[in-house]
Amino acid sequence: RSRRTPATQGAEPRVVVVGAGVSGLIAARRLADAGLSVLVLEQSDRVGGRVASAELNSCAVDAGASHIWSFYHRTHLWLDRFGLRDQLVRPGAGESLRIEPRDLPGLGRSGLEVALRWRRLALSRPERAGPVDVGSIADYARRHLRPGFTEAALRPAFEWNAFCSLEELSQVLLLQSGRLFLTARPSVLKGGLGRFPLALAA
């Protein structure tokens, strides 16, 4: 299945973009903005890749990626372009995680590690985190966190987003997440984040 961007319909394509996920669509848009004729090829019957929304009981539900973080500066520029940025809202409060007193020493140690390694954990400079990459999240959790906390908090948060196990993910990601939650805020898009790739492809 193929689709041409409206700006280049009828012209012979000079560039082919394989995949109509968000990255592919943005690549196609940037190429079209530069005056090139672009053909986007996508094997599925929809655009967006891992970004998709569905309607459930008259509510939009994100079936893939769901949050836009405040440090996604380039994404915010694209949302501005399509008039979607003013439709970002703070996510609703979910079920709160139960933290037990025995969790506090491990969480306190993790917080201290984040503070001590703050500069090395900068998301904009991933190469700085090399010396911190000494084990997996699973290894870190076994050393410092209660098994119940790992199963209730870490596995759902990281495995759902990364599509791999805690044994395969570096502890850097866990510590960077600690820094992230201290400095950034998430938003969701009214009507579902699936509106974003649809705007890119329109």
# chains A, B, ... in the order shown; residues from 1 in each chain; ligands from 1
$ select_by_dssp --residues "stretch 36-113 of chain A" --states "alpha helix (DSSP H)" --output "PyMOL selection string"
chain A and resi 73-81+104-113
$ closest_atom_pairs --of "stretch 76-108 of chain A" --to "stretch 167-185 of chain A" --cutoff "10 Å" --atoms "only C-alpha atoms" --output "CSV"
residue,atom,partner,partner_atom,distance
A:Arg90,CA,A:Arg185,CA,8.3
A:Pro91,CA,A:Arg185,CA,9.7
A:Leu107,CA,A:Gly178,CA,9.9
$ residues_around --residues "A:Phe163" --least-positions-apart "5" --cutoff "12 Å" --atoms "only C-alpha atoms" --output "number ranges by chain"
A: 50, 64-65, 155-158, 168-169
$ write_last_selection --atoms "N, CA, C and O atoms" --output "PDB file, in the first residue's frame"
ATOM      1  N   ARG A  50       3.739   2.774  16.023  1.00  0.00           N
ATOM      2  CA  ARG A  50       3.440   2.500  17.429  1.00  0.00           C
ATOM      3  C   ARG A  50       2.557   3.572  18.063  1.00  0.00           C
ATOM      4  O   ARG A  50       2.285   3.522  19.257  1.00  0.00           O
ATOM      5  N   GLY A  64      -0.873   2.651  21.929  1.00  0.00           N
ATOM      6  CA  GLY A  64       0.585   2.587  21.847  1.00  0.00           C
ATOM      7  C   GLY A  64       1.168   3.717  22.659  1.00  0.00           C
ATOM      8  O   GLY A  64       0.776   3.927  23.809  1.00  0.00           O
ATOM      9  N   ALA A  65       2.094   4.465  22.063  1.00  0.00           N
ATOM     10  CA  ALA A  65       2.649   5.631  22.760  1.00  0.00           C
ATOM     11  C   ALA A  65       1.507   6.573  23.146  1.00  0.00           C
ATOM     12  O   ALA A  65       0.540   6.728  22.405  1.00  0.00           O
ATOM     13  N   ARG A 155       8.258  -3.258  36.368  1.00  0.00           N
ATOM     14  CA  ARG A 155       7.942  -4.085  35.190  1.00  0.00           C
ATOM     15  C   ARG A 155       6.864  -3.441  34.314  1.00  0.00           C
ATOM     16  O   ARG A 155       7.048  -3.324  33.096  1.00  0.00           O
ATOM     17  N   PRO A 156       5.737  -3.003  34.875  1.00  0.00           N
ATOM     18  CA  PRO A 156       4.737  -2.367  34.003  1.00  0.00           C
ATOM     19  C   PRO A 156       5.259  -1.102  33.326  1.00  0.00           C
ATOM     20  O   PRO A 156       5.020  -0.886  32.135  1.00  0.00           O
ATOM     21  N   ALA A 157       5.985  -0.277  34.055  1.00  0.00           N
ATOM     22  CA  ALA A 157       6.430   1.008  33.503  1.00  0.00           C
ATOM     23  C   ALA A 157       7.449   0.834  32.393  1.00  0.00           C
ATOM     24  O   ALA A 157       7.354   1.477  31.342  1.00  0.00           O
ATOM     25  N   PHE A 158       8.429  -0.034  32.597  1.00  0.00           N
ATOM     26  CA  PHE A 158       9.518  -0.135  31.635  1.00  0.00           C
ATOM     27  C   PHE A 158       9.258  -1.174  30.547  1.00  0.00           C
ATOM     28  O   PHE A 158       9.538  -0.930  29.377  1.00  0.00           O
ATOM     29  N   GLU A 168      16.996  -6.939  30.178  1.00  0.00           N
ATOM     30  CA  GLU A 168      17.618  -6.441  28.951  1.00  0.00           C
ATOM     31  C   GLU A 168      17.844  -4.931  28.957  1.00  0.00           C
ATOM     32  O   GLU A 168      18.455  -4.399  28.031  1.00  0.00           O
ATOM     33  N   LEU A 169      17.325  -4.243  29.981  1.00  0.00           N
ATOM     34  CA  LEU A 169      17.400  -2.784  30.012  1.00  0.00           C
ATOM     35  C   LEU A 169      18.463  -2.315  30.998  1.00  0.00           C
ATOM     36  O   LEU A 169      18.547  -2.822  32.119  1.00  0.00           O
TER      37      LEU A 169
END
$ closest_residue --among "A:Asp80, A:Ala141, A:Thr75, A:Val132" --to "A:Arg109" --atoms "only C-alpha atoms"
A:Ala141
$ atom_distance --atom1 "atom CA of A:Val51" --atom2 "atom CA of A:Ala129"
28.2 Å
$ residues_around --residues "A:Ser53" --least-positions-apart "2" --cutoff "7 Å" --atoms "only C-alpha atoms" --output "number ranges by chain"
A: 55, 60-63, 192-194
$ atom_distance --atom1 "atom CA of A:Leu88" --atom2 "atom CA of A:Ala54"
17.5 Å
